[in-house]
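For reference, the structure is listed below as structure tokens.
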Amino acid sequence: MAYSQYDQFLQEATAHDAAPGAVLGRDCLYGIYTSWCFLSQTAPRPEDDFWVAMKQKRIRPGRTPLRMKGPAAADYILSSYPGVI
């Protein structure tokens, strides 16, 4: 079985979190993906393709208990909230 760009993204930039309320929304999940692509020097695929792949992996924004992790999380936070710096 081929290991896709999306599999690598999910492994490196997200983690399952069973804590109540621990979910990533649609904008946040795609934002972390684009940050991960930037850091890994990979061209991000179109957003529609991303969501098709996430649906195939049974990841539904706002319902799948994921949290962000790693360098992509830091990049996303600093890019989204520049006042944090």
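Residues in the structure tokens are named by chain (A, B, ... in the order shown) and by number from 1 within that chain; ligands are numbered from 1 in the order shown.
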
*Which residues come within 12 Å of A:Ala19, counting only C-alpha atoms, excluding same-chain residues fewer than 2 positions away, as an MDAnalysis selection string?*
chainID A and resid 15:17 21:23 64:67

_I'd like the contact shell of stretch 39-53 of chain A - 12 Å cut-off, only C-alpha atoms, skipping same-chain residues fewer than 5 positions apart - returned as an MDAnalysis selection string._
chainID A and resid 4:10 12:13 26:27 29:34 58:61 70:76

*Please, what distance in Å, to one decimal, runs between atom CA of A:Lys55 and atom CA of A:Phe38?*
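Those two atoms sit 22.7 Å apart.
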
_Every residue of chain A that DSSP places in alpha helix (DSSP H), as number ranges by chain_ = A: 5-13, 26-39, 47-56, 70-80

Residues from last step as file, N, CA and C atoms, as a compact mmCIF listing (two decimals), in the first residue's frame:
```txt
# COMPACT_ATOMS: atom_id res chain seq x y z
N GLN A 5 0.92 11.53 0.58
CA GLN A 5 1.26 12.80 1.19
C GLN A 5 0.34 13.07 2.38
N TYR A 6 -0.93 12.71 2.23
CA TYR A 6 -1.90 12.94 3.30
C TYR A 6 -1.60 12.06 4.51
N ASP A 7 -1.18 10.82 4.29
CA ASP A 7 -0.81 9.94 5.39
C ASP A 7 0.36 10.53 6.17
N GLN A 8 1.34 11.01 5.43
CA GLN A 8 2.51 11.59 6.07
C GLN A 8 2.12 12.85 6.85
N PHE A 9 1.28 13.69 6.26
CA PHE A 9 0.79 14.88 6.96
C PHE A 9 0.10 14.50 8.28
N LEU A 10 -0.81 13.56 8.21
CA LEU A 10 -1.56 13.17 9.41
C LEU A 10 -0.64 12.62 10.48
N GLN A 11 0.36 11.85 10.08
CA GLN A 11 1.28 11.27 11.05
C GLN A 11 2.16 12.34 11.69
N GLU A 12 2.65 13.28 10.89
CA GLU A 12 3.60 14.25 11.39
C GLU A 12 2.98 15.49 12.04
N ALA A 13 1.74 15.83 11.67
CA ALA A 13 1.19 17.10 12.12
C ALA A 13 -0.07 16.98 12.97
N ARG A 26 -12.57 22.82 10.21
CA ARG A 26 -12.23 22.75 8.79
C ARG A 26 -11.08 23.69 8.42
N ASP A 27 -11.20 24.97 8.79
CA ASP A 27 -10.15 25.93 8.43
C ASP A 27 -8.82 25.59 9.09
N CYS A 28 -8.89 25.19 10.35
CA CYS A 28 -7.68 24.86 11.08
C CYS A 28 -6.97 23.64 10.48
N LEU A 29 -7.72 22.60 10.16
CA LEU A 29 -7.12 21.39 9.62
C LEU A 29 -6.45 21.65 8.27
N TYR A 30 -7.13 22.38 7.39
CA TYR A 30 -6.51 22.69 6.10
C TYR A 30 -5.33 23.65 6.29
N GLY A 31 -5.44 24.56 7.23
CA GLY A 31 -4.34 25.48 7.51
C GLY A 31 -3.09 24.77 8.00
N ILE A 32 -3.29 23.79 8.86
CA ILE A 32 -2.14 23.00 9.34
C ILE A 32 -1.53 22.22 8.17
N TYR A 33 -2.39 21.71 7.30
CA TYR A 33 -1.90 20.99 6.11
C TYR A 33 -1.03 21.91 5.25
N THR A 34 -1.48 23.15 5.00
CA THR A 34 -0.68 24.04 4.16
C THR A 34 0.62 24.42 4.86
N SER A 35 0.59 24.58 6.18
CA SER A 35 1.83 24.84 6.92
C SER A 35 2.78 23.65 6.82
N TRP A 36 2.23 22.44 6.96
CA TRP A 36 3.05 21.24 6.84
C TRP A 36 3.68 21.16 5.44
N CYS A 37 2.89 21.47 4.42
CA CYS A 37 3.42 21.46 3.04
C CYS A 37 4.56 22.45 2.90
N PHE A 38 4.38 23.66 3.42
CA PHE A 38 5.41 24.69 3.34
C PHE A 38 6.70 24.20 4.00
N LEU A 39 6.59 23.66 5.20
CA LEU A 39 7.77 23.22 5.93
C LEU A 39 8.44 22.00 5.31
N GLU A 47 -7.71 22.33 -2.21
CA GLU A 47 -8.50 22.08 -1.01
C GLU A 47 -9.57 21.02 -1.23
N ASP A 48 -10.20 21.03 -2.40
CA ASP A 48 -11.22 20.01 -2.67
C ASP A 48 -10.63 18.60 -2.63
N ASP A 49 -9.44 18.43 -3.19
CA ASP A 49 -8.76 17.13 -3.16
C ASP A 49 -8.42 16.72 -1.73
N PHE A 50 -7.99 17.70 -0.95
CA PHE A 50 -7.66 17.44 0.46
C PHE A 50 -8.87 16.88 1.19
N TRP A 51 -10.03 17.49 1.00
CA TRP A 51 -11.23 17.05 1.71
C TRP A 51 -11.72 15.70 1.24
N VAL A 52 -11.54 15.41 -0.03
CA VAL A 52 -11.90 14.07 -0.53
C VAL A 52 -11.02 13.03 0.17
N ALA A 53 -9.71 13.32 0.26
CA ALA A 53 -8.79 12.39 0.91
C ALA A 53 -9.12 12.23 2.40
N MET A 54 -9.45 13.33 3.07
CA MET A 54 -9.79 13.24 4.49
C MET A 54 -11.07 12.42 4.69
N LYS A 55 -12.02 12.60 3.80
CA LYS A 55 -13.26 11.82 3.90
C LYS A 55 -12.97 10.34 3.74
N GLN A 56 -12.07 9.99 2.82
CA GLN A 56 -11.70 8.59 2.61
C GLN A 56 -11.02 8.02 3.85
N GLY A 70 3.70 19.33 16.46
CA GLY A 70 4.92 19.48 15.69
C GLY A 70 5.14 20.85 15.08
N PRO A 71 6.15 20.94 14.23
CA PRO A 71 6.51 22.21 13.61
C PRO A 71 5.38 22.83 12.79
N ALA A 72 4.57 22.02 12.14
CA ALA A 72 3.46 22.56 11.35
C ALA A 72 2.46 23.28 12.25
N ALA A 73 2.24 22.76 13.44
CA ALA A 73 1.33 23.42 14.39
C ALA A 73 1.88 24.78 14.79
N ALA A 74 3.16 24.83 15.09
CA ALA A 74 3.78 26.11 15.47
C ALA A 74 3.71 27.10 14.31
N ASP A 75 4.01 26.65 13.11
CA ASP A 75 3.96 27.53 11.94
C ASP A 75 2.54 28.05 11.72
N TYR A 76 1.56 27.16 11.83
CA TYR A 76 0.17 27.56 11.64
C TYR A 76 -0.25 28.60 12.68
N ILE A 77 0.08 28.36 13.92
CA ILE A 77 -0.30 29.29 14.99
C ILE A 77 0.36 30.65 14.77
N LEU A 78 1.64 30.66 14.48
CA LEU A 78 2.34 31.92 14.28
C LEU A 78 1.86 32.65 13.03
N SER A 79 1.49 31.91 11.99
CA SER A 79 0.97 32.53 10.77
C SER A 79 -0.44 33.06 10.97
N SER A 80 -1.23 32.36 11.74
CA SER A 80 -2.63 32.74 11.94
C SER A 80 -2.81 33.83 12.98
```
